[in-house]
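Below is the file target_16.cif, which contains mmCIF, N, CA, C and O atoms and all ligand atoms.
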data_structure
#
loop_
_atom_site.label_atom_id
_atom_site.label_comp_id
_atom_site.auth_asym_id
_atom_site.auth_seq_id
_atom_site.Cartn_x
_atom_site.Cartn_y
_atom_site.Cartn_z
N MET M 7 16.81 -1.63 -15.27
CA MET M 7 16.82 -0.18 -15.42
C MET M 7 15.64 0.42 -14.63
O MET M 7 14.52 0.00 -14.80
N HIS M 8 15.95 1.37 -13.78
CA HIS M 8 14.91 1.95 -12.94
C HIS M 8 14.68 3.40 -13.31
O HIS M 8 15.53 4.06 -13.87
N GLY M 9 13.52 3.88 -12.88
CA GLY M 9 13.25 5.30 -12.94
C GLY M 9 13.72 5.92 -11.64
O GLY M 9 14.73 5.53 -11.07
N GLU M 10 12.96 6.84 -11.15
CA GLU M 10 13.33 7.59 -9.96
C GLU M 10 12.69 6.99 -8.72
O GLU M 10 11.54 6.59 -8.75
N LYS M 11 13.44 6.98 -7.61
CA LYS M 11 12.89 6.43 -6.37
C LYS M 11 11.78 7.33 -5.83
O LYS M 11 11.97 8.54 -5.68
N LEU M 12 10.67 6.70 -5.52
CA LEU M 12 9.49 7.43 -5.05
C LEU M 12 9.36 7.33 -3.54
O LEU M 12 9.10 8.32 -2.85
N CYS M 13 9.51 6.13 -3.02
CA CYS M 13 9.33 5.89 -1.59
C CYS M 13 9.82 4.47 -1.33
O CYS M 13 10.32 3.82 -2.23
N THR M 14 9.65 4.02 -0.09
CA THR M 14 9.92 2.61 0.17
C THR M 14 8.59 1.90 0.33
O THR M 14 7.57 2.52 0.67
N SER M 15 8.62 0.62 0.11
CA SER M 15 7.40 -0.18 0.18
C SER M 15 6.73 -0.06 1.55
O SER M 15 5.50 -0.01 1.65
N THR M 16 7.53 0.04 2.59
CA THR M 16 6.97 0.10 3.94
C THR M 16 6.35 1.47 4.26
O THR M 16 5.68 1.62 5.27
N ASP M 17 6.59 2.47 3.39
CA ASP M 17 5.94 3.77 3.60
C ASP M 17 4.43 3.68 3.36
O ASP M 17 3.69 4.58 3.78
N ILE M 18 4.00 2.66 2.64
CA ILE M 18 2.59 2.58 2.24
C ILE M 18 1.93 1.45 3.03
O ILE M 18 2.23 0.28 2.80
N PRO M 19 1.03 1.76 3.94
CA PRO M 19 0.37 0.70 4.71
C PRO M 19 -0.57 -0.13 3.81
O PRO M 19 -1.22 0.42 2.92
N GLU M 20 -0.62 -1.41 4.08
CA GLU M 20 -1.51 -2.30 3.33
C GLU M 20 -2.97 -1.81 3.46
O GLU M 20 -3.42 -1.47 4.56
N GLY M 21 -3.65 -1.79 2.33
CA GLY M 21 -5.07 -1.44 2.35
C GLY M 21 -5.35 0.04 2.48
O GLY M 21 -6.48 0.44 2.74
N GLU M 22 -4.31 0.85 2.27
CA GLU M 22 -4.52 2.30 2.40
C GLU M 22 -3.97 3.03 1.18
O GLU M 22 -3.19 2.48 0.41
N VAL M 23 -4.38 4.28 1.08
CA VAL M 23 -3.84 5.16 0.05
C VAL M 23 -3.25 6.37 0.76
O VAL M 23 -3.84 6.86 1.73
N VAL M 24 -2.10 6.81 0.33
CA VAL M 24 -1.43 7.95 0.96
C VAL M 24 -0.93 8.90 -0.13
O VAL M 24 -0.80 8.53 -1.29
N VAL M 25 -0.65 10.11 0.29
CA VAL M 25 -0.10 11.11 -0.63
C VAL M 25 1.42 10.99 -0.63
O VAL M 25 2.04 10.95 0.44
N VAL M 26 2.01 10.92 -1.80
CA VAL M 26 3.47 10.93 -1.93
C VAL M 26 3.83 12.05 -2.89
O VAL M 26 3.30 12.12 -4.01
N TYR M 27 4.70 12.94 -2.44
CA TYR M 27 5.15 14.03 -3.30
C TYR M 27 6.42 13.59 -4.01
O TYR M 27 7.31 13.01 -3.41
N TYR M 28 6.47 13.92 -5.27
CA TYR M 28 7.66 13.58 -6.03
C TYR M 28 7.90 14.69 -7.06
O TYR M 28 7.09 14.89 -7.96
N LYS M 29 8.99 15.41 -6.85
CA LYS M 29 9.28 16.56 -7.72
C LYS M 29 8.05 17.45 -7.81
O LYS M 29 7.51 17.83 -6.79
N ASP M 30 7.56 17.69 -9.00
CA ASP M 30 6.40 18.58 -9.12
C ASP M 30 5.08 17.82 -9.08
O ASP M 30 4.03 18.39 -9.30
N LYS M 31 5.15 16.52 -8.78
CA LYS M 31 3.92 15.72 -8.79
C LYS M 31 3.44 15.44 -7.37
O LYS M 31 4.25 15.29 -6.46
N SER M 32 2.14 15.30 -7.25
CA SER M 32 1.55 14.82 -6.01
C SER M 32 0.75 13.57 -6.40
O SER M 32 -0.13 13.63 -7.26
N LEU M 33 1.11 12.45 -5.79
CA LEU M 33 0.54 11.17 -6.21
C LEU M 33 -0.27 10.54 -5.09
O LEU M 33 0.04 10.71 -3.90
N ALA M 34 -1.28 9.79 -5.48
CA ALA M 34 -2.05 8.96 -4.54
C ALA M 34 -1.52 7.54 -4.71
O ALA M 34 -1.77 6.90 -5.73
N VAL M 35 -0.75 7.10 -3.72
CA VAL M 35 -0.08 5.80 -3.82
C VAL M 35 -0.78 4.83 -2.88
O VAL M 35 -0.96 5.12 -1.69
N SER M 36 -1.20 3.70 -3.41
CA SER M 36 -1.93 2.73 -2.59
C SER M 36 -1.24 1.38 -2.61
O SER M 36 -0.43 1.08 -3.49
N LYS M 37 -1.56 0.60 -1.59
CA LYS M 37 -1.07 -0.79 -1.51
C LYS M 37 -2.28 -1.68 -1.24
O LYS M 37 -2.92 -1.55 -0.20
N ILE M 38 -2.55 -2.55 -2.19
CA ILE M 38 -3.71 -3.44 -2.07
C ILE M 38 -3.22 -4.85 -2.35
O ILE M 38 -2.68 -5.12 -3.42
N ASN M 39 -3.39 -5.72 -1.38
CA ASN M 39 -2.85 -7.09 -1.47
C ASN M 39 -1.37 -7.07 -1.84
O ASN M 39 -0.91 -7.88 -2.64
N GLY M 40 -0.65 -6.13 -1.26
CA GLY M 40 0.79 -6.05 -1.46
C GLY M 40 1.21 -5.36 -2.73
O GLY M 40 2.40 -5.11 -2.93
N GLU M 41 0.27 -5.04 -3.59
CA GLU M 41 0.63 -4.38 -4.86
C GLU M 41 0.53 -2.87 -4.70
O GLU M 41 -0.52 -2.34 -4.31
N ILE M 42 1.62 -2.18 -5.04
CA ILE M 42 1.67 -0.72 -4.91
C ILE M 42 1.41 -0.10 -6.27
O ILE M 42 2.01 -0.49 -7.27
N THR M 43 0.50 0.86 -6.28
CA THR M 43 0.14 1.54 -7.52
C THR M 43 0.03 3.04 -7.26
O THR M 43 -0.15 3.46 -6.11
N ALA M 44 0.11 3.83 -8.31
CA ALA M 44 0.07 5.28 -8.15
C ALA M 44 -0.79 5.92 -9.23
O ALA M 44 -0.68 5.57 -10.41
N ILE M 45 -1.62 6.85 -8.79
CA ILE M 45 -2.38 7.69 -9.72
C ILE M 45 -2.24 9.14 -9.24
O ILE M 45 -1.73 9.39 -8.16
N ASP M 46 -2.69 10.06 -10.06
CA ASP M 46 -2.60 11.48 -9.66
C ASP M 46 -3.44 11.73 -8.40
O ASP M 46 -4.52 11.16 -8.23
N ASN M 47 -2.91 12.62 -7.57
CA ASN M 47 -3.58 12.97 -6.32
C ASN M 47 -4.55 14.12 -6.52
O ASN M 47 -4.60 15.05 -5.72
N ILE M 48 -5.30 14.08 -7.61
CA ILE M 48 -6.24 15.17 -7.85
C ILE M 48 -7.43 14.60 -8.62
O ILE M 48 -7.28 14.08 -9.72
N CYS M 49 -8.55 14.66 -7.97
CA CYS M 49 -9.76 14.06 -8.54
C CYS M 49 -10.18 14.81 -9.80
O CYS M 49 -10.12 16.05 -9.83
N SER M 50 -10.64 14.08 -10.78
CA SER M 50 -11.07 14.70 -12.03
C SER M 50 -12.42 15.40 -11.89
O SER M 50 -12.82 16.16 -12.76
N HIS M 51 -13.11 15.18 -10.78
CA HIS M 51 -14.41 15.84 -10.60
C HIS M 51 -14.24 17.27 -10.12
O HIS M 51 -14.67 18.21 -10.77
N ASP M 52 -13.59 17.45 -8.96
CA ASP M 52 -13.44 18.81 -8.44
C ASP M 52 -12.19 18.91 -7.57
O ASP M 52 -12.21 19.53 -6.51
N ASP M 53 -11.12 18.28 -8.06
CA ASP M 53 -9.78 18.43 -7.46
C ASP M 53 -9.63 17.86 -6.05
O ASP M 53 -8.74 18.27 -5.31
N GLY M 54 -10.48 16.94 -5.65
CA GLY M 54 -10.32 16.30 -4.33
C GLY M 54 -8.99 15.57 -4.25
O GLY M 54 -8.49 15.05 -5.25
N PRO M 55 -8.40 15.54 -3.04
CA PRO M 55 -7.11 14.86 -2.87
C PRO M 55 -7.30 13.34 -2.71
O PRO M 55 -7.57 12.85 -1.62
N LEU M 56 -7.16 12.63 -3.81
CA LEU M 56 -7.45 11.18 -3.78
C LEU M 56 -6.56 10.43 -2.79
O LEU M 56 -6.97 9.42 -2.23
N GLY M 57 -5.36 10.96 -2.56
CA GLY M 57 -4.45 10.30 -1.61
C GLY M 57 -4.91 10.42 -0.17
O GLY M 57 -4.38 9.73 0.70
N ASN M 58 -5.90 11.26 0.08
CA ASN M 58 -6.48 11.35 1.43
C ASN M 58 -7.78 10.55 1.52
O ASN M 58 -8.49 10.64 2.51
N GLY M 59 -8.07 9.82 0.46
CA GLY M 59 -9.29 9.01 0.45
C GLY M 59 -9.10 7.68 1.16
O GLY M 59 -8.14 7.48 1.91
N LYS M 60 -10.03 6.78 0.89
CA LYS M 60 -9.98 5.44 1.51
C LYS M 60 -10.01 4.40 0.41
O LYS M 60 -10.50 4.67 -0.69
N ILE M 61 -9.57 3.22 0.77
CA ILE M 61 -9.73 2.07 -0.14
C ILE M 61 -11.00 1.32 0.29
O ILE M 61 -11.13 0.92 1.45
N VAL M 62 -11.92 1.18 -0.65
CA VAL M 62 -13.12 0.40 -0.39
C VAL M 62 -13.29 -0.59 -1.53
O VAL M 62 -13.32 -0.19 -2.70
N ARG M 63 -13.36 -1.86 -1.18
CA ARG M 63 -13.46 -2.93 -2.19
C ARG M 63 -12.45 -2.76 -3.32
O ARG M 63 -12.76 -2.91 -4.49
N GLY M 64 -11.23 -2.42 -2.94
CA GLY M 64 -10.14 -2.37 -3.92
C GLY M 64 -10.08 -1.11 -4.74
O GLY M 64 -9.23 -1.01 -5.63
N ASN M 65 -10.95 -0.14 -4.46
CA ASN M 65 -10.92 1.11 -5.21
C ASN M 65 -10.65 2.28 -4.29
O ASN M 65 -10.94 2.23 -3.09
N ILE M 66 -10.10 3.34 -4.88
CA ILE M 66 -9.86 4.57 -4.11
C ILE M 66 -11.13 5.41 -4.15
O ILE M 66 -11.66 5.69 -5.23
N ILE M 67 -11.57 5.82 -2.96
CA ILE M 67 -12.78 6.64 -2.87
C ILE M 67 -12.37 8.08 -2.57
O ILE M 67 -11.69 8.36 -1.57
N CYS M 68 -12.77 8.99 -3.44
CA CYS M 68 -12.43 10.40 -3.25
C CYS M 68 -13.03 10.93 -1.95
O CYS M 68 -14.22 10.70 -1.67
N PRO M 69 -12.21 11.65 -1.16
CA PRO M 69 -12.72 12.13 0.13
C PRO M 69 -13.72 13.29 0.00
O PRO M 69 -14.39 13.63 0.95
N ARG M 70 -13.81 13.88 -1.17
CA ARG M 70 -14.73 15.03 -1.29
C ARG M 70 -16.16 14.59 -1.57
O ARG M 70 -17.07 14.91 -0.81
N HIS M 71 -16.40 13.90 -2.68
CA HIS M 71 -17.79 13.55 -3.01
C HIS M 71 -17.98 12.07 -3.27
O HIS M 71 -19.03 11.66 -3.76
N GLY M 72 -16.95 11.28 -3.00
CA GLY M 72 -17.14 9.83 -2.99
C GLY M 72 -17.03 9.09 -4.30
O GLY M 72 -17.40 7.92 -4.38
N ALA M 73 -16.51 9.71 -5.35
CA ALA M 73 -16.31 8.96 -6.58
C ALA M 73 -15.26 7.88 -6.36
O ALA M 73 -14.32 8.05 -5.58
N ALA M 74 -15.41 6.75 -7.05
CA ALA M 74 -14.45 5.65 -6.94
C ALA M 74 -13.52 5.67 -8.16
O ALA M 74 -13.96 5.90 -9.29
N PHE M 75 -12.24 5.40 -7.89
CA PHE M 75 -11.24 5.32 -8.96
C PHE M 75 -10.49 4.00 -8.87
O PHE M 75 -10.21 3.51 -7.77
N ASP M 76 -10.15 3.48 -10.03
CA ASP M 76 -9.31 2.27 -10.08
C ASP M 76 -7.88 2.68 -9.73
O ASP M 76 -7.30 3.53 -10.41
N PRO M 77 -7.30 2.10 -8.67
CA PRO M 77 -5.96 2.51 -8.24
C PRO M 77 -4.86 2.13 -9.22
O PRO M 77 -3.75 2.65 -9.12
N LYS M 78 -5.15 1.23 -10.16
CA LYS M 78 -4.12 0.85 -11.13
C LYS M 78 -4.18 1.70 -12.39
O LYS M 78 -3.16 2.09 -12.93
N THR M 79 -5.39 1.95 -12.86
CA THR M 79 -5.52 2.61 -14.16
C THR M 79 -5.91 4.08 -14.04
O THR M 79 -5.81 4.82 -15.02
N GLY M 80 -6.42 4.49 -12.87
CA GLY M 80 -6.90 5.86 -12.71
C GLY M 80 -8.28 6.07 -13.29
O GLY M 80 -8.78 7.20 -13.32
N ARG M 81 -8.91 4.99 -13.74
CA ARG M 81 -10.22 5.13 -14.36
C ARG M 81 -11.27 5.55 -13.33
O ARG M 81 -11.29 5.02 -12.22
N ALA M 82 -12.14 6.48 -13.71
CA ALA M 82 -13.25 6.87 -12.84
C ALA M 82 -14.32 5.79 -12.96
O ALA M 82 -14.78 5.47 -14.06
N LEU M 83 -14.71 5.22 -11.82
CA LEU M 83 -15.65 4.09 -11.83
C LEU M 83 -17.06 4.49 -11.45
O LEU M 83 -18.01 3.79 -11.80
N THR M 84 -17.20 5.58 -10.68
CA THR M 84 -18.54 6.00 -10.28
C THR M 84 -18.66 7.52 -10.35
O THR M 84 -17.67 8.23 -10.25
N LEU M 85 -19.87 7.98 -10.48
CA LEU M 85 -20.16 9.41 -10.40
C LEU M 85 -19.85 9.90 -8.99
O LEU M 85 -19.88 9.10 -8.06
N PRO M 86 -19.58 11.17 -8.81
CA PRO M 86 -19.72 12.23 -9.81
C PRO M 86 -18.51 12.38 -10.74
O PRO M 86 -18.56 13.24 -11.61
N ALA M 87 -17.47 11.59 -10.60
CA ALA M 87 -16.34 11.71 -11.53
C ALA M 87 -16.66 10.93 -12.81
O ALA M 87 -17.23 9.83 -12.75
N VAL M 88 -16.30 11.48 -13.92
CA VAL M 88 -16.48 10.77 -15.19
C VAL M 88 -15.18 10.63 -15.97
O VAL M 88 -15.07 9.77 -16.83
N LYS M 89 -14.19 11.45 -15.65
CA LYS M 89 -12.93 11.38 -16.39
C LYS M 89 -11.89 10.64 -15.57
O LYS M 89 -11.80 10.82 -14.35
N SER M 90 -11.03 9.90 -16.27
CA SER M 90 -9.91 9.22 -15.63
C SER M 90 -8.88 10.23 -15.14
O SER M 90 -8.83 11.35 -15.63
N VAL M 91 -8.04 9.77 -14.21
CA VAL M 91 -6.84 10.53 -13.85
C VAL M 91 -5.64 9.72 -14.33
O VAL M 91 -5.77 8.54 -14.66
N CYS M 92 -4.47 10.34 -14.35
CA CYS M 92 -3.28 9.64 -14.84
C CYS M 92 -2.86 8.54 -13.87
O CYS M 92 -2.96 8.70 -12.66
N SER M 93 -2.36 7.46 -14.42
CA SER M 93 -1.76 6.42 -13.60
C SER M 93 -0.28 6.35 -13.96
O SER M 93 0.13 6.79 -15.04
N TYR M 94 0.50 5.81 -13.05
CA TYR M 94 1.96 5.78 -13.22
C TYR M 94 2.47 4.37 -13.06
O TYR M 94 2.01 3.64 -12.17
N LYS M 95 3.42 4.02 -13.87
CA LYS M 95 4.01 2.69 -13.79
C LYS M 95 5.10 2.72 -12.73
O LYS M 95 5.93 3.62 -12.71
N LEU M 96 5.05 1.73 -11.85
CA LEU M 96 6.03 1.64 -10.77
C LEU M 96 6.80 0.34 -10.86
O LEU M 96 6.31 -0.66 -11.39
N TYR M 97 7.99 0.35 -10.28
CA TYR M 97 8.77 -0.87 -10.07
C TYR M 97 9.11 -0.94 -8.60
O TYR M 97 9.42 0.09 -8.00
N VAL M 98 9.07 -2.13 -8.06
CA VAL M 98 9.53 -2.31 -6.68
C VAL M 98 10.76 -3.20 -6.74
O VAL M 98 10.75 -4.26 -7.36
N ASP M 99 11.84 -2.74 -6.12
CA ASP M 99 13.07 -3.52 -6.10
C ASP M 99 13.68 -3.41 -4.72
O ASP M 99 13.99 -2.30 -4.26
N ASP M 100 13.83 -4.55 -4.06
CA ASP M 100 14.48 -4.59 -2.75
C ASP M 100 13.83 -3.60 -1.77
O ASP M 100 14.52 -2.92 -1.01
N GLY M 101 12.51 -3.53 -1.82
CA GLY M 101 11.78 -2.68 -0.88
C GLY M 101 11.69 -1.23 -1.26
O GLY M 101 11.05 -0.44 -0.59
N ASP M 102 12.34 -0.86 -2.36
CA ASP M 102 12.24 0.53 -2.83
C ASP M 102 11.28 0.60 -4.01
O ASP M 102 11.27 -0.29 -4.86
N VAL M 103 10.51 1.67 -4.03
CA VAL M 103 9.52 1.85 -5.09
C VAL M 103 10.02 2.94 -6.03
O VAL M 103 10.38 4.04 -5.59
N TYR M 104 10.05 2.61 -7.30
CA TYR M 104 10.54 3.54 -8.32
C TYR M 104 9.43 3.91 -9.27
O TYR M 104 8.61 3.06 -9.64
N LEU M 105 9.45 5.16 -9.67
CA LEU M 105 8.55 5.62 -10.71
C LEU M 105 9.25 5.38 -12.04
O LEU M 105 10.36 5.87 -12.25
N ALA M 106 8.61 4.62 -12.90
CA ALA M 106 9.20 4.36 -14.21
C ALA M 106 9.24 5.65 -15.01
O ALA M 106 8.37 6.51 -14.85
N GLN M 107 10.21 5.75 -15.86
CA GLN M 107 10.26 6.93 -16.73
C GLN M 107 9.09 6.85 -17.67
O GLN M 107 8.85 5.83 -18.28
N THR M 108 8.34 7.93 -17.74
CA THR M 108 7.22 7.94 -18.66
C THR M 108 7.43 9.06 -19.66
O THR M 108 8.39 9.81 -19.56
N GLU M 109 6.50 9.14 -20.56
CA GLU M 109 6.67 10.10 -21.65
C GLU M 109 6.85 11.51 -21.17
O GLU M 109 6.46 11.93 -20.16
S1 LIG R 201 -13.80 16.01 -5.99
FE1 LIG R 201 -13.67 13.86 -6.10
S2 LIG R 201 -15.73 13.21 -6.26
FE2 LIG R 201 -15.84 15.37 -6.23
#
Represent the supplied structure as structure tokens.
Ligand code: FES
Amino acid sequence: MHGEKLCTSTDIPEGEVVVVYYKDKSLAVSKINGEITAIDNICSHDDGPLGNGKIVRGNIICPRHGAAFDPKTGRALTLPAVKSVCSYKLYVDDGDVYLAQTE
């Protein structure tokens, strides 16, 4: 059972984070060691676009002031961000990436 198709696996370059729009959501979708994960594309510090950030040592770095976020859980790992952002459960099937139905 799948949720809604978000993108294809090849849309996300290895070692990068990109912005993916889905309905009313804007997501920061990353691929690290082949694993695709998604968190909200809005930094909890001051609304920086996390999907325009970089991956450094496995974490997403906000392009505005450099806070690090865990790409799987959305947890804020360094200042100036202190609050987590939402993370989303994904499924990959036959090269397609699906957003699992969430609450
Ligand atoms: S907006 Fe992301 S660290 Fe400030």
Margin query: Neighbouring residues of stretch 81-83 of chain M were defined as those with any atom within 10 Å, considering only C-alpha atoms; residues of the same chain fewer than 5 positions away were excluded. Please report them as a PyMOL selection string.
Written below: chain M and resi 45+49-51+65-67+73-76+88-93
For a quick check of your reading of the model, name the residues lying within 8 Å of the coordinate (7.5, -4.3, -3.8), counting all atoms listed in the file, and write them as a CSV table (one decimal) with N, CA, C and O atoms, in the coordinates of the input.
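The result, written out as part00.csv:
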chain,number,residue,atom,x,y,z
M,14,THR,N,9.6,4.0,-0.1
M,14,THR,CA,9.9,2.6,0.2
M,14,THR,C,8.6,1.9,0.3
M,14,THR,O,7.6,2.5,0.7
M,15,SER,N,8.6,0.6,0.1
M,15,SER,CA,7.4,-0.2,0.2
M,15,SER,C,6.7,-0.1,1.6
M,15,SER,O,5.5,0.0,1.6
M,16,THR,N,7.5,0.0,2.6
M,16,THR,CA,7.0,0.1,3.9
M,16,THR,C,6.4,1.5,4.3
M,16,THR,O,5.7,1.6,5.3
M,40,GLY,N,-0.6,-6.1,-1.3
M,40,GLY,CA,0.8,-6.0,-1.5
M,40,GLY,C,1.2,-5.4,-2.7
M,40,GLY,O,2.4,-5.1,-2.9
M,41,GLU,N,0.3,-5.0,-3.6
M,41,GLU,CA,0.6,-4.4,-4.9
M,41,GLU,C,0.5,-2.9,-4.7
M,41,GLU,O,-0.5,-2.3,-4.3
M,42,ILE,N,1.6,-2.2,-5.0
M,42,ILE,CA,1.7,-0.7,-4.9
M,42,ILE,C,1.4,-0.1,-6.3
M,42,ILE,O,2.0,-0.5,-7.3
M,97,TYR,N,8.0,0.4,-10.3
M,97,TYR,CA,8.8,-0.9,-10.1
M,97,TYR,C,9.1,-0.9,-8.6
M,97,TYR,O,9.4,0.1,-8.0
M,98,VAL,N,9.1,-2.1,-8.1
M,98,VAL,CA,9.5,-2.3,-6.7
M,98,VAL,C,10.8,-3.2,-6.7
M,98,VAL,O,10.8,-4.3,-7.4
M,99,ASP,N,11.8,-2.7,-6.1
M,99,ASP,CA,13.1,-3.5,-6.1
M,99,ASP,C,13.7,-3.4,-4.7
M,99,ASP,O,14.0,-2.3,-4.3
M,100,ASP,N,13.8,-4.6,-4.1
M,100,ASP,CA,14.5,-4.6,-2.8
M,100,ASP,C,13.8,-3.6,-1.8
M,100,ASP,O,14.5,-2.9,-1.0
M,101,GLY,N,12.5,-3.5,-1.8
M,101,GLY,CA,11.8,-2.7,-0.9
M,101,GLY,C,11.7,-1.2,-1.3
M,101,GLY,O,11.0,-0.4,-0.6
M,102,ASP,N,12.3,-0.9,-2.4
M,102,ASP,CA,12.2,0.5,-2.8
M,102,ASP,C,11.3,0.6,-4.0
M,102,ASP,O,11.3,-0.3,-4.9
M,103,VAL,N,10.5,1.7,-4.0
M,103,VAL,CA,9.5,1.8,-5.1
M,103,VAL,C,10.0,2.9,-6.0
M,103,VAL,O,10.4,4.0,-5.6
Margin query: Considering only helix (DSSP H, G or I) as DSSP defines it on the backbone, what residues of chain M qualify? List them as a PyMOL selection string.
Written below: chain M and resi 15-17+56-58
Taking every listed atom of ligand LIG 201 (chain R) and adding 5 Å to each side, what centre and edge lengths in Å (one decimal) does the axis-aligned box have, as JSON?
{"center_x": -14.8, "center_y": 14.6, "center_z": -6.1, "size_x": 12.2, "size_y": 12.8, "size_z": 10.3}
Check: If you measure from atom FE2 of ligand LIG 201 (chain R) to atom C of M:Leu12, what distance in Å do you get, rounded to one decimal?
Finding: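 Between these atoms lies a distance of 26.6 Å.
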Next item on the list: Collect all residues with atoms no farther than 9 Å from ligand LIG 201 (chain R), counting only C-alpha atoms and all ligand atoms, and output them as a list of chain:residue names.
Entry: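 Based on only C-alpha atoms and all ligand atoms, ligand LIG 201 (chain R) is surrounded within 9 Å by M:Ile48, M:Cys49, M:Ser50, M:His51, M:Asp52, M:Asp53, M:Gly54, M:Pro55, M:Leu56, M:Ile67, M:Cys68, M:Pro69, M:Arg70, M:His71, M:Gly72, M:Ala73, M:Ala74, M:Thr84, M:Leu85, M:Pro86, M:Ala87.
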Notebook entry, point to check: Excluding same-chain residues fewer than 6 positions from M:Gly64, what lies within 9 Å of it counting only C-alpha atoms, as a ChimeraX atom specification?
Noted result: /M:21,38,76-77
Checklist line | atom O of M:Lys60 to atom CA of M:Leu105, distance in Å rounded to a single decimal | finding: 21.5 Å
Check: atom C of M:Val35 to atom C of M:Ile18: how many Å, to one decimal?
Finding: 7.3 Å
Notebook entry, point to check: Closest to M:Arg63 among M:Gly80, M:Asp17, M:Glu22, M:Tyr28, using only C-alpha atoms?
Noted result: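 Result for the nearest residue to M:Arg63: M:Glu22.
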Next item on the list: Select, from M:Cys13, M:Ala106, M:Ala34, M:Val23, the residue with the minimum atom-to-atom distance to M:Ile61, counting only N, CA, C and O atoms.
Entry: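 Going through M:Cys13, M:Ala106, M:Ala34, M:Val23 one by one, the smallest distance to M:Ile61 is for M:Val23.
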Note to self: So that I can check the secondary structure, give me every residue of stretch 48-102 of chain M assigned strand (DSSP E) by backbone DSSP, as a list in words.
What the structure shows: Lys60, Ile61, Val62, Asn65, Ile66, Ile67, Ala74, Phe75, Ser93, Tyr94, Leu96, Tyr97, Val98, Asp99 and Asp102 of chain M
